[in-house]
$ cat upload-v1.txt   # compact mmCIF, C-alpha atoms and all ligand atoms
# COMPACT_ATOMS: atom_id res chain seq x y z
CA MET W 6 0.00 0.00 0.00
CA PHE W 7 2.80 2.36 0.97
CA LYS W 8 4.74 1.26 -2.10
CA LYS W 9 1.86 1.70 -4.17
CA ILE W 10 1.58 5.07 -2.81
CA PHE W 11 5.30 5.67 -3.23
CA GLY W 12 5.16 4.26 -6.70
CA PHE W 13 2.42 6.46 -7.34
CA GLY W 14 4.63 9.20 -5.81
CA LYS W 15 7.32 8.51 -8.38
CA ASN W 16 4.87 8.65 -11.12
CA LYS W 17 3.41 11.68 -9.60
CA SER W 18 6.63 13.74 -9.88
CA LYS W 19 6.82 12.85 -13.56
CA VAL W 20 3.32 13.93 -14.00
CA ASP W 21 4.10 17.02 -12.02
CA GLU W 22 6.97 17.83 -14.28
CA LYS W 23 4.88 17.29 -17.29
CA ILE W 24 2.23 19.53 -15.86
CA LYS W 25 4.88 22.02 -15.01
CA THR W 26 6.20 22.20 -18.55
CA GLU W 27 2.74 22.26 -19.91
CA ASP W 28 2.01 25.10 -17.50
CA GLU W 29 5.09 26.91 -18.58
CA ASN W 30 4.29 26.40 -22.19
CA LEU W 31 0.87 27.66 -21.55
CA LYS W 32 2.21 30.61 -19.74
CA ILE W 33 4.65 31.39 -22.58
CA LYS W 34 1.86 30.99 -25.04
CA GLU W 35 -0.32 33.20 -22.96
CA LEU W 36 2.46 35.69 -22.68
CA GLU W 37 3.01 35.61 -26.39
CA GLU W 38 -0.64 35.99 -27.00
CA LEU W 39 -0.69 38.88 -24.58
CA LYS W 40 2.24 40.40 -26.35
CA LEU W 41 0.56 39.93 -29.69
CA LYS W 42 -2.60 41.37 -28.29
CA GLU W 43 -0.68 44.30 -26.92
CA MET W 44 1.01 44.81 -30.25
CA ALA W 45 -2.31 44.59 -32.03
CA GLU W 46 -3.74 47.04 -29.57
CA LYS W 47 -0.77 49.31 -30.05
CA LYS W 48 -1.19 49.06 -33.78
CA GLU W 49 -4.87 49.70 -33.42
CA LEU W 50 -4.07 52.67 -31.22
CA GLU W 51 -1.59 54.01 -33.74
CA LYS W 52 -4.16 53.55 -36.48
CA LEU W 53 -6.68 55.34 -34.36
CA LYS W 54 -4.18 58.07 -33.66
CA ILE W 55 -3.42 58.48 -37.36
CA LYS W 56 -7.11 58.47 -38.07
CA GLU W 57 -7.70 61.06 -35.40
CA GLU W 58 -4.88 63.16 -36.69
CA GLU W 59 -6.25 62.89 -40.20
CA GLU W 60 -9.68 63.82 -38.97
CA LEU W 61 -8.27 66.74 -37.03
CA LYS W 62 -6.36 67.88 -40.07
CA LYS W 63 -9.47 67.56 -42.19
CA LYS W 64 -11.47 69.43 -39.59
CA GLU W 65 -8.89 72.17 -39.51
CA GLU W 66 -8.90 72.36 -43.27
CA ASP W 67 -12.67 72.45 -43.32
CA GLU W 68 -12.67 75.19 -40.74
CA LYS W 69 -10.10 77.10 -42.74
CA LYS W 70 -12.21 76.68 -45.84
CA GLU W 71 -15.34 77.78 -43.96
CA LEU W 72 -13.47 80.79 -42.62
CA GLU W 73 -12.32 81.68 -46.11
CA ARG W 74 -15.84 81.21 -47.40
CA LEU W 75 -17.19 83.46 -44.66
CA LYS W 76 -14.52 86.02 -45.33
CA LYS W 77 -15.39 85.95 -49.02
CA GLU W 78 -19.06 86.25 -48.17
CA GLU W 79 -18.36 89.15 -45.83
CA LEU W 80 -16.28 90.80 -48.52
CA GLU W 81 -19.06 90.35 -51.04
CA LYS W 82 -21.54 91.73 -48.55
CA GLU W 83 -19.23 94.67 -47.89
CA ILE W 84 -18.94 95.32 -51.61
CA GLU W 85 -22.72 95.11 -51.93
CA ARG W 86 -23.13 97.47 -48.96
CA LYS W 87 -20.69 99.91 -50.54
CA LYS W 88 -22.57 99.73 -53.82
CA ILE W 89 -25.85 100.52 -52.07
CA GLU W 90 -24.19 103.29 -50.08
CA ASP W 91 -22.73 104.81 -53.24
CA LEU W 92 -26.09 104.58 -54.92
CA GLU W 93 -27.81 106.20 -51.96
CA LYS W 94 -25.19 108.92 -51.87
CA LYS W 95 -25.65 109.54 -55.58
CA GLU W 96 -29.40 109.60 -55.17
CA SER W 97 -29.26 112.02 -52.28
CA THR W 98 -26.88 114.37 -54.07
CA SER W 99 -29.01 114.27 -57.19
CA LYS W 100 -32.04 114.93 -54.99
CA LYS W 101 -30.18 117.77 -53.34
CA ARG W 102 -29.16 119.08 -56.70
CA GLY W 103 -32.76 118.90 -57.79
CA PHE W 104 -33.78 120.75 -54.67
CA PHE W 105 -30.93 123.19 -54.76
CA LYS W 106 -29.95 123.56 -58.37
CA SER W 107 -26.92 125.63 -59.22
CA LEU W 108 -27.46 129.19 -60.28
CA LYS W 109 -25.97 128.23 -63.62
CA GLU W 110 -28.74 125.69 -64.14
CA LYS W 111 -31.40 128.14 -63.02
CA LEU W 112 -30.20 130.83 -65.40
CA GLU W 113 -29.89 128.46 -68.33
CA LYS W 114 -32.31 130.42 -70.52
CA THR W 115 -30.33 133.64 -70.34
CA ARG W 116 -27.04 131.86 -70.74
CA GLU W 117 -28.13 129.82 -73.76
CA GLY W 118 -30.11 132.68 -75.28
CA LEU W 119 -28.20 135.88 -75.01
CA PHE W 120 -24.74 134.91 -73.91
CA GLY W 121 -24.57 131.87 -76.14
CA LYS W 122 -25.31 134.14 -79.09
CA MET W 123 -22.58 136.51 -78.01
CA LYS W 124 -20.06 133.74 -77.88
CA LYS W 125 -21.00 132.79 -81.44
CA LEU W 126 -20.70 136.39 -82.52
CA PHE W 127 -17.06 136.46 -81.44
CA SER W 128 -16.08 132.99 -82.55
CA SER W 129 -17.51 133.43 -86.05
CA ARG W 130 -15.32 136.41 -86.84
CA SER W 131 -11.70 136.57 -87.89
CA ILE W 132 -11.04 140.22 -87.03
CA ILE W 133 -12.16 142.75 -84.47
CA ASP W 134 -13.89 145.59 -86.29
CA GLU W 135 -16.66 148.17 -86.03
CA GLU W 136 -19.20 145.72 -87.39
CA MET W 137 -18.49 143.30 -84.55
CA TYR W 138 -19.17 145.99 -81.96
CA GLU W 139 -22.37 147.00 -83.73
CA GLU W 140 -23.65 143.46 -83.72
CA LEU W 141 -22.79 143.21 -80.05
CA GLU W 142 -24.76 146.38 -79.36
CA ASP W 143 -27.82 144.85 -80.99
CA LEU W 144 -27.53 141.73 -78.88
CA LEU W 145 -27.12 143.66 -75.65
CA ILE W 146 -30.13 145.87 -76.35
CA GLN W 147 -32.22 142.78 -77.15
CA SER W 148 -31.41 141.44 -73.72
CA ASP W 149 -33.08 144.32 -71.81
CA ILE W 150 -29.79 145.86 -70.81
CA GLY W 151 -31.09 149.19 -72.04
CA MET W 152 -29.62 151.65 -74.54
CA ASP W 153 -27.52 153.71 -72.12
CA MET W 154 -26.02 150.74 -70.39
CA THR W 155 -25.32 149.04 -73.72
CA LEU W 156 -23.44 152.03 -75.08
CA LYS W 157 -21.41 152.26 -71.88
CA ILE W 158 -20.54 148.59 -71.97
CA VAL W 159 -19.46 148.62 -75.61
CA LYS W 160 -17.39 151.78 -75.17
CA GLU W 161 -15.63 150.32 -72.14
CA LEU W 162 -15.10 147.04 -73.99
CA GLU W 163 -13.43 148.75 -76.97
CA LYS W 164 -11.15 150.62 -74.60
CA GLU W 165 -10.25 147.49 -72.68
CA VAL W 166 -9.62 145.41 -75.82
CA LYS W 167 -7.22 148.08 -77.11
CA LYS W 168 -5.54 148.39 -73.73
CA ARG W 169 -4.95 144.65 -73.51
CA GLY W 170 -3.75 144.56 -77.13
CA ILE W 171 -6.21 141.85 -78.08
CA LYS W 172 -6.44 140.92 -81.79
CA ASP W 173 -8.32 137.63 -81.65
CA PRO W 174 -12.14 138.11 -81.55
CA ASN W 175 -12.45 134.88 -79.53
CA LEU W 176 -10.68 136.57 -76.64
CA VAL W 177 -13.13 139.49 -76.55
CA TYR W 178 -15.75 137.33 -74.80
CA ASP W 179 -13.69 137.15 -71.62
CA VAL W 180 -12.99 140.89 -71.68
CA LEU W 181 -16.72 141.52 -72.03
CA LYS W 182 -17.28 139.35 -68.97
CA ASP W 183 -14.92 141.53 -66.91
CA VAL W 184 -16.37 144.77 -68.25
CA MET W 185 -19.97 143.76 -67.57
CA GLU W 186 -19.15 142.62 -64.06
CA GLY W 187 -17.69 146.04 -63.43
CA PHE W 188 -21.05 147.63 -64.19
CA LEU W 189 -22.98 145.65 -61.60
CA ILE W 190 -23.27 147.21 -58.19
CA SER W 191 -21.49 144.85 -55.83
CA GLU W 192 -21.57 146.98 -52.69
CA GLY W 193 -24.31 146.69 -50.10
CA THR W 194 -25.92 143.64 -51.63
CA GLU W 195 -26.36 141.93 -48.27
CA LEU W 196 -29.53 142.43 -46.27
CA LYS W 197 -29.07 144.30 -43.00
CA VAL W 198 -31.16 142.34 -40.53
CA ASP W 199 -28.63 141.35 -37.90
CA LYS W 200 -28.88 144.14 -35.38
CA PRO W 201 -30.10 143.15 -31.91
CA GLY W 202 -33.83 143.55 -31.42
CA MET W 203 -36.41 143.76 -34.14
CA ASN W 204 -35.27 144.18 -37.75
CA ILE W 205 -37.84 145.29 -40.30
CA ILE W 206 -38.17 144.53 -43.99
CA LEU W 207 -40.81 146.37 -45.99
CA VAL W 208 -41.56 144.76 -49.33
CA VAL W 209 -43.04 146.86 -52.12
CA GLY W 210 -43.74 146.48 -55.82
CA VAL W 211 -46.62 146.25 -58.28
CA ASN W 212 -49.08 143.41 -58.33
CA GLY W 213 -47.82 140.07 -59.60
CA VAL W 214 -44.08 140.74 -59.50
CA GLY W 215 -43.52 138.16 -56.77
CA LYS W 216 -43.65 140.05 -53.47
CA THR W 217 -45.58 137.44 -51.49
CA THR W 218 -43.49 134.60 -52.88
CA THR W 219 -40.28 136.45 -52.07
CA ILE W 220 -41.48 137.12 -48.51
CA GLY W 221 -42.20 133.41 -48.06
CA LYS W 222 -38.75 132.44 -49.32
CA LEU W 223 -37.06 135.08 -47.17
CA ALA W 224 -38.96 134.02 -44.05
CA ALA W 225 -37.97 130.40 -44.65
CA LYS W 226 -34.32 131.43 -44.91
CA PHE W 227 -34.44 133.36 -41.64
CA VAL W 228 -36.35 130.69 -39.73
CA LYS W 229 -33.87 128.12 -40.93
CA ASN W 230 -31.13 130.28 -39.43
CA GLY W 231 -32.90 130.22 -36.10
CA LYS W 232 -34.62 133.61 -36.32
CA LYS W 233 -38.06 134.41 -34.97
CA VAL W 234 -40.03 135.87 -37.88
CA VAL W 235 -43.37 137.69 -37.91
CA ILE W 236 -45.01 138.54 -41.23
CA GLY W 237 -47.62 141.27 -41.70
CA ALA W 238 -50.32 140.83 -44.34
CA GLY W 239 -50.30 144.44 -45.50
CA ASP W 240 -51.84 143.61 -48.86
CA THR W 241 -55.46 143.72 -47.73
CA PHE W 242 -56.80 144.31 -51.19
CA ARG W 243 -57.66 140.72 -52.07
CA ALA W 244 -58.67 137.91 -49.71
CA ALA W 245 -56.65 135.48 -51.80
CA ALA W 246 -53.53 137.55 -51.19
CA ILE W 247 -53.92 137.14 -47.43
CA GLU W 248 -54.49 133.39 -47.76
CA GLN W 249 -51.49 133.05 -50.03
CA LEU W 250 -49.26 134.83 -47.54
CA GLU W 251 -50.63 132.70 -44.71
CA GLU W 252 -49.74 129.56 -46.63
CA TRP W 253 -46.20 130.80 -47.13
CA ALA W 254 -45.88 131.74 -43.45
CA ASN W 255 -46.94 128.23 -42.46
CA ARG W 256 -44.50 126.68 -44.86
CA ALA W 257 -41.68 128.85 -43.61
CA GLY W 258 -42.51 128.43 -39.93
CA ALA W 259 -43.18 132.12 -39.35
CA ASP W 260 -46.00 133.92 -37.50
CA ILE W 261 -48.49 135.96 -39.48
CA ILE W 262 -50.54 139.00 -38.46
CA LYS W 263 -53.57 139.58 -40.68
CA HIS W 264 -56.73 141.60 -40.77
CA GLU W 265 -59.83 141.17 -42.87
CA GLN W 266 -59.85 141.86 -46.57
CA GLY W 267 -60.36 145.55 -47.30
CA SER W 268 -59.11 146.73 -43.91
CA ASP W 269 -56.55 149.51 -43.49
CA PRO W 270 -53.02 148.35 -44.35
CA GLY W 271 -51.66 150.88 -41.84
CA ALA W 272 -53.49 149.12 -39.02
CA VAL W 273 -52.04 145.77 -40.09
CA VAL W 274 -48.54 147.24 -40.09
CA PHE W 275 -49.14 148.71 -36.62
CA ASP W 276 -50.36 145.36 -35.23
CA THR W 277 -47.55 143.47 -36.88
CA LEU W 278 -44.89 145.67 -35.31
CA LYS W 279 -46.59 145.41 -31.93
CA ALA W 280 -46.76 141.63 -32.18
CA GLY W 281 -43.15 141.55 -33.36
CA LYS W 282 -42.08 143.39 -30.25
CA ASN W 283 -44.23 141.32 -27.86
CA ARG W 284 -43.04 138.07 -29.34
CA ASN W 285 -39.39 139.12 -29.38
CA ALA W 286 -39.17 138.73 -33.13
CA ASP W 287 -35.77 139.10 -34.75
CA ILE W 288 -37.27 139.98 -38.09
CA VAL W 289 -40.59 141.45 -39.18
CA ILE W 290 -41.50 141.34 -42.87
CA ILE W 291 -44.33 143.45 -44.22
CA ASP W 292 -46.21 142.65 -47.42
CA THR W 293 -47.93 145.48 -49.30
CA ALA W 294 -50.45 145.82 -52.09
CA GLY W 295 -48.63 148.22 -54.36
CA ARG W 296 -51.39 149.31 -56.67
CA LEU W 297 -49.86 151.56 -59.24
CA HIS W 298 -53.02 153.09 -60.69
CA ASN W 299 -52.04 156.47 -59.38
CA LYS W 300 -48.61 157.69 -58.40
CA ASN W 301 -50.02 160.07 -55.80
CA ASN W 302 -52.04 157.34 -54.14
CA LEU W 303 -49.10 155.01 -54.04
CA MET W 304 -46.96 157.68 -52.48
CA LYS W 305 -49.54 158.39 -49.76
CA GLU W 306 -50.01 154.71 -48.96
CA LEU W 307 -46.29 154.06 -48.63
CA GLU W 308 -45.73 157.26 -46.71
CA LYS W 309 -48.32 156.23 -44.15
CA ILE W 310 -46.68 152.84 -43.69
CA ASN W 311 -43.26 154.41 -43.33
CA ILE W 312 -44.52 156.80 -40.67
CA ILE W 313 -45.99 153.93 -38.66
CA ILE W 314 -42.73 152.03 -38.87
CA LYS W 315 -40.70 155.06 -37.82
CA LYS W 316 -42.98 155.54 -34.82
CA HIS W 317 -42.00 152.07 -33.71
CA VAL W 318 -38.31 152.00 -34.43
CA GLY W 319 -37.37 155.66 -34.42
CA ASP W 320 -34.64 156.67 -36.79
CA THR W 321 -33.05 153.26 -37.12
CA ASN W 322 -32.72 152.14 -40.69
CA TYR W 323 -34.80 149.33 -42.04
CA GLU W 324 -34.84 147.48 -45.30
CA SER W 325 -37.24 148.67 -47.94
CA LEU W 326 -37.07 146.26 -50.85
CA LEU W 327 -38.60 146.79 -54.24
CA VAL W 328 -39.50 143.62 -56.07
CA ILE W 329 -39.11 143.74 -59.86
CA ASP W 330 -40.33 141.09 -62.27
CA GLY W 331 -37.26 140.24 -64.34
CA THR W 332 -39.31 139.22 -67.35
CA THR W 333 -41.01 142.57 -67.89
CA GLY W 334 -38.06 144.47 -69.30
CA GLN W 335 -38.36 148.21 -69.83
CA ASN W 336 -41.86 148.25 -68.33
CA GLY W 337 -40.63 146.80 -65.07
CA LEU W 338 -37.80 149.26 -65.04
CA ASN W 339 -40.19 152.19 -65.45
CA GLN W 340 -42.33 150.95 -62.55
CA ALA W 341 -39.21 150.67 -60.47
CA LYS W 342 -38.32 154.26 -61.25
CA VAL W 343 -41.70 155.41 -59.96
CA PHE W 344 -41.25 153.55 -56.66
CA ASN W 345 -37.71 154.84 -56.38
CA GLU W 346 -39.06 158.37 -56.60
CA VAL W 347 -41.91 158.06 -54.10
CA THR W 348 -40.24 156.04 -51.36
CA LYS W 349 -36.83 155.44 -49.92
CA LEU W 350 -35.58 152.06 -51.12
CA SER W 351 -32.62 150.13 -49.75
CA GLY W 352 -32.37 147.69 -52.63
CA PHE W 353 -34.07 145.39 -55.12
CA VAL W 354 -35.18 141.86 -55.58
CA VAL W 355 -35.35 140.76 -59.21
CA THR W 356 -37.66 137.78 -59.63
CA LYS W 357 -38.42 135.21 -62.33
CA LEU W 358 -34.92 135.26 -63.79
CA ASP W 359 -35.36 131.55 -64.40
CA GLY W 360 -38.08 132.33 -66.92
CA THR W 361 -36.32 134.77 -69.18
CA ALA W 362 -33.59 134.68 -71.79
CA LYS W 363 -33.01 138.38 -71.12
CA GLY W 364 -31.03 138.44 -67.89
CA GLY W 365 -29.74 141.83 -68.97
CA ILE W 366 -32.36 143.65 -66.89
CA VAL W 367 -30.05 143.21 -63.91
CA PHE W 368 -27.52 145.56 -65.56
CA ALA W 369 -30.14 148.17 -66.42
CA ILE W 370 -31.35 148.20 -62.80
CA SER W 371 -27.84 148.62 -61.45
CA GLU W 372 -27.17 151.43 -63.89
CA GLU W 373 -30.42 153.35 -63.83
CA LEU W 374 -31.52 152.99 -60.22
CA LYS W 375 -28.10 153.15 -58.59
CA LYS W 376 -29.04 150.79 -55.79
CA PRO W 377 -27.93 147.24 -55.12
CA ILE W 378 -29.83 144.14 -56.09
CA LYS W 379 -29.98 142.09 -52.88
CA PHE W 380 -31.70 138.94 -54.05
CA ILE W 381 -32.77 137.26 -57.24
CA GLY W 382 -35.71 134.91 -57.67
CA VAL W 383 -34.96 131.89 -59.80
CA GLY W 384 -38.10 129.80 -59.42
CA GLU W 385 -41.34 129.31 -57.53
CA GLY W 386 -39.95 127.00 -54.86
CA ILE W 387 -39.10 127.94 -51.29
CA GLU W 388 -35.37 127.60 -51.99
CA ASP W 389 -35.44 129.64 -55.17
CA LEU W 390 -34.24 132.92 -53.75
CA ARG W 391 -30.54 133.57 -54.03
CA GLU W 392 -28.38 136.32 -52.60
CA PHE W 393 -27.18 138.44 -55.45
CA LYS W 394 -23.44 138.39 -56.00
CA SER W 395 -22.29 140.11 -59.16
CA LYS W 396 -19.40 137.76 -59.82
CA GLU W 397 -21.52 134.67 -59.30
CA TYR W 398 -24.22 136.07 -61.56
CA ILE W 399 -21.71 136.82 -64.34
CA GLU W 400 -20.23 133.33 -64.02
CA ALA W 401 -23.72 131.84 -64.31
CA ILE W 402 -24.82 133.70 -67.42
CA PHE W 403 -21.59 133.51 -69.39
CA GLU W 404 -20.72 130.20 -71.03
N1 LIG R 1 -40.67 131.29 -62.21
C1 LIG R 1 -40.79 132.12 -61.17
N2 LIG R 1 -41.99 132.47 -60.72
C2 LIG R 1 -42.07 133.31 -59.66
C3 LIG R 1 -40.91 133.81 -59.02
N3 LIG R 1 -41.31 134.62 -58.01
C4 LIG R 1 -42.66 134.62 -58.03
N4 LIG R 1 -43.14 133.85 -59.03
C5 LIG R 1 -44.53 133.60 -59.39
O1 LIG R 1 -45.14 134.81 -59.77
C6 LIG R 1 -46.51 134.81 -59.43
C7 LIG R 1 -46.88 136.06 -58.62
O2 LIG R 1 -46.21 136.03 -57.39
P1 LIG R 1 -46.75 136.73 -56.07
O3 LIG R 1 -45.77 136.47 -55.01
O4 LIG R 1 -48.15 136.37 -55.83
O5 LIG R 1 -46.66 138.24 -56.52
P2 LIG R 1 -47.19 139.54 -55.72
O6 LIG R 1 -48.50 139.91 -56.34
O7 LIG R 1 -46.17 140.58 -55.99
O8 LIG R 1 -47.30 139.19 -54.29
C8 LIG R 1 -46.74 133.53 -58.65
O9 LIG R 1 -47.32 132.59 -59.50
C9 LIG R 1 -45.36 133.08 -58.25
O10 LIG R 1 -45.25 131.70 -58.11
C10 LIG R 1 -39.62 133.40 -59.54
O11 LIG R 1 -38.54 133.80 -59.08
N5 LIG R 1 -39.62 132.56 -60.61
MG MG R 2 -48.91 139.38 -53.04
$ encode --input "upload-v1.txt" --output "structure tokens"
Amino acid sequence: MFKKIFGFGKNKSKVDEKIKTEDENLKIKELEELKLKEMAEKKELEKLKIKEEEELKKKEEDEKKELERLKKEELEKEIERKKIEDLEKKESTSKKRGFFKSLKEKLEKTREGLFGKMKKLFSSRSIIDEEMYEELEDLLIQSDIGMDMTLKIVKELEKEVKKRGIKDPNLVYDVLKDVMEGFLISEGTELKVDKPGMNIILVVGVNGVGKTTTIGKLAAKFVKNGKKVVIGAGDTFRAAAIEQLEEWANRAGADIIKHEQGSDPGAVVFDTLKAGKNRNADIVIIDTAGRLHNKNNLMKELEKINIIIKKHVGDTNYESLLVIDGTTGQNGLNQAKVFNEVTKLSGFVVTKLDGTAKGGIVFAISEELKKPIKFIGVGEGIEDLREFKSKEYIEAIFE
């Protein structure tokens, strides 16, 4: 039994050894497998890493592309915005130009008519001679410049051409420009309404010349410059005249003092000045009827108004503007002479110069009435009243 056991023991150690080697083999195998597995895992990890890197790279590239696309889009948008902005700018300037056209555009008729013809007169000739001056005289007279003024201009031109030693008729046009500018009164063309307290502007002239319209435009100008303006409806002759003035006052943002149709203009003037004072007005503008049926009557009416004004402001000067319709030529000039005789005028407003090819009236006024033109009317709109500047006017009517 013991032997058996022993024997068994002998056998057992063999078996043990066998088991041992088998175990070892197994272990090695396992180890190898583990190693292989590790390697495979490592490989897998590397693959994954490469894949990740590739994906990252792709992502980065995609992002870069997206960024570039966005940038491009933004650029395109910016260009589009600029285009719209430019267009809007253009539109607004063209609107502005439409609203505030240049004097040159407004005086197109005179420039193309009279002064265009004069340019042709000079350019079509090869020499400067008597005949050229005679033709020029005809053109100037046709333009309402008046005989006296025309003769003066031509005489001065001949003198100046000789003095400058000019032989080419083409060059005479520019000399004429200088000479004509010299005949326009350029002193005192600005309105004197800046003294502290109430400044008064009396507006006179015959019916239809543009008094009410001019008052509306003037009031708008002053209000725009921050002035308090009160207008007096001194033309009580027609109800429509009062309504028309009221409309202009509303448009301009000015106050209006009015009485009923047919009432005494003197009373309106009185109330207007009183209101002007009470309301601390900077400027009071007075409209008048200016019926010219009788010189004596006109004189009395204006005298009465002037006395009322003087009672209010004492001896301080005020503006007394005569409005002349620029399209009426010699007739308008004669009316102006009558007003100039019966009342003290400080200057003129020449209206409707946009509607005539005879802008020469401006020279006749300067010459014959010896007082400055302060404003010119170049249209029916609220902005169509321009300060008169001789140089600017000459530049606008010459080519
Ligand atoms: N084309 C043009 N028309 C004007 C000008 N000034 C006034 N008018 C027009 O002339 C007409 C008479 O003007 P209005 O002010 O009533 O003259 P008033 O009778 O002197 O007050 C109106 O139809 C005005 O629109 C101007 O400078 N140019
Ligand atoms: Mg009127």
$ closest_residue --input "upload-v1.txt" --among "W:Lys375, W:Ser351, W:Trp253, W:Asp389" --to "ligand MG 2 (chain R)" --atoms "all atoms listed in the file"
W:Trp253
$ closest_residue --input "upload-v1.txt" --among "W:Ile381, W:Leu374, W:Ile236, W:Leu126" --to "Asn339 in chain W" --atoms "all atoms listed in the file"
W:Leu374
$ residues_near_ligand --input "upload-v1.txt" --ligand "ligand LIG 1 (chain R)" --cutoff "7 Å" --atoms "all atoms listed in the file" --output "ChimeraX atom specification"
/W:210-219,356-360,381-385,389-390
$ closest_residue --input "upload-v1.txt" --among "W:Gln266, W:Thr348, W:Thr26, W:Ser107" --to "Ala238 in chain W" --atoms "only C-alpha atoms"
W:Gln266
$ atom_distance --input "upload-v1.txt" --atom1 "CA of Lys48 in chain W" --atom2 "CA of Lys64 in chain W"
23.5 Å
$ closest_residue --input "upload-v1.txt" --among "W:Ala254, W:Ile329, W:Ala401, W:Ile205" --to "Lys114 in chain W" --atoms "all atoms listed in the file"
W:Ala401
$ residues_around --input "upload-v1.txt" --residues "range 284-297 of chain W" --least-positions-apart "2" --cutoff "6 Å" --atoms "only C-alpha atoms" --output "PyMOL selection string"
chain W and resi 202-211+232-240+280-282+299
$ atom_distance --input "upload-v1.txt" --atom1 "CA of Thr277 in chain W" --atom2 "CA of Ala259 in chain W"
12.4 Å
$ atom_distance --input "upload-v1.txt" --atom1 "CA of Met44 in chain W" --atom2 "CA of Lys62 in chain W"
26.1 Å
$ closest_residue --input "upload-v1.txt" --among "W:Lys305, W:Lys396, W:Arg243, W:Lys349" --to "ligand MG 2 (chain R)" --atoms "all atoms listed in the file"
W:Arg243
$ residues_around --input "upload-v1.txt" --residues "Phe275 in chain W" --least-positions-apart "3" --cutoff "9 Å" --atoms "all atoms listed in the file" --output "list in words"
Pro270, Gly271, Ala272, Leu278, Lys279, Ala280, Ile310, Ile313, Ile314 and His317 of chain W
$ closest_residue --input "upload-v1.txt" --among "W:Ala245, W:Ile133, W:Leu144, W:Val180" --to "ligand MG 2 (chain R)" --atoms "all atoms listed in the file"
W:Ala245
$ residues_around --input "upload-v1.txt" --residues "Lys229 in chain W" --least-positions-apart "5" --cutoff "9 Å" --atoms "all atoms listed in the file" --output "ChimeraX atom specification"
/W:224,257-258
$ decode --input "upload-v1.txt" --residues "range 348-359 of chain W" --atoms "N, CA and C atoms" --output "short mmCIF file (atom, residue, chain, number, x, y, z; two decimals), in the first residue's frame"
data_model
loop_
_atom_site.label_atom_id
_atom_site.label_comp_id
_atom_site.auth_asym_id
_atom_site.auth_seq_id
_atom_site.Cartn_x
_atom_site.Cartn_y
_atom_site.Cartn_z
N THR W 348 -40.61 156.56 -52.69
CA THR W 348 -40.24 156.04 -51.36
C THR W 348 -38.76 155.70 -51.31
N LYS W 349 -38.24 155.70 -50.09
CA LYS W 349 -36.83 155.44 -49.92
C LYS W 349 -36.59 153.93 -49.98
N LEU W 350 -35.84 153.49 -50.97
CA LEU W 350 -35.58 152.06 -51.12
C LEU W 350 -34.17 151.73 -50.68
N SER W 351 -33.99 150.53 -50.13
CA SER W 351 -32.62 150.13 -49.75
C SER W 351 -32.04 149.17 -50.78
N GLY W 352 -32.88 148.60 -51.61
CA GLY W 352 -32.37 147.69 -52.63
C GLY W 352 -33.48 146.97 -53.37
N PHE W 353 -33.09 146.07 -54.27
CA PHE W 353 -34.07 145.39 -55.12
C PHE W 353 -34.01 143.88 -55.00
N VAL W 354 -35.14 143.30 -55.36
CA VAL W 354 -35.18 141.86 -55.58
C VAL W 354 -35.67 141.67 -57.01
N VAL W 355 -34.91 141.00 -57.83
CA VAL W 355 -35.35 140.76 -59.21
C VAL W 355 -35.82 139.31 -59.31
N THR W 356 -37.09 139.13 -59.62
CA THR W 356 -37.66 137.78 -59.63
C THR W 356 -37.77 137.21 -61.04
N LYS W 357 -38.09 135.94 -61.10
CA LYS W 357 -38.42 135.21 -62.33
C LYS W 357 -37.28 135.18 -63.35
N LEU W 358 -36.06 135.29 -62.86
CA LEU W 358 -34.92 135.26 -63.79
C LEU W 358 -34.73 133.88 -64.40
N ASP W 359 -35.40 132.89 -63.82
CA ASP W 359 -35.36 131.55 -64.40
C ASP W 359 -36.21 131.48 -65.66
#
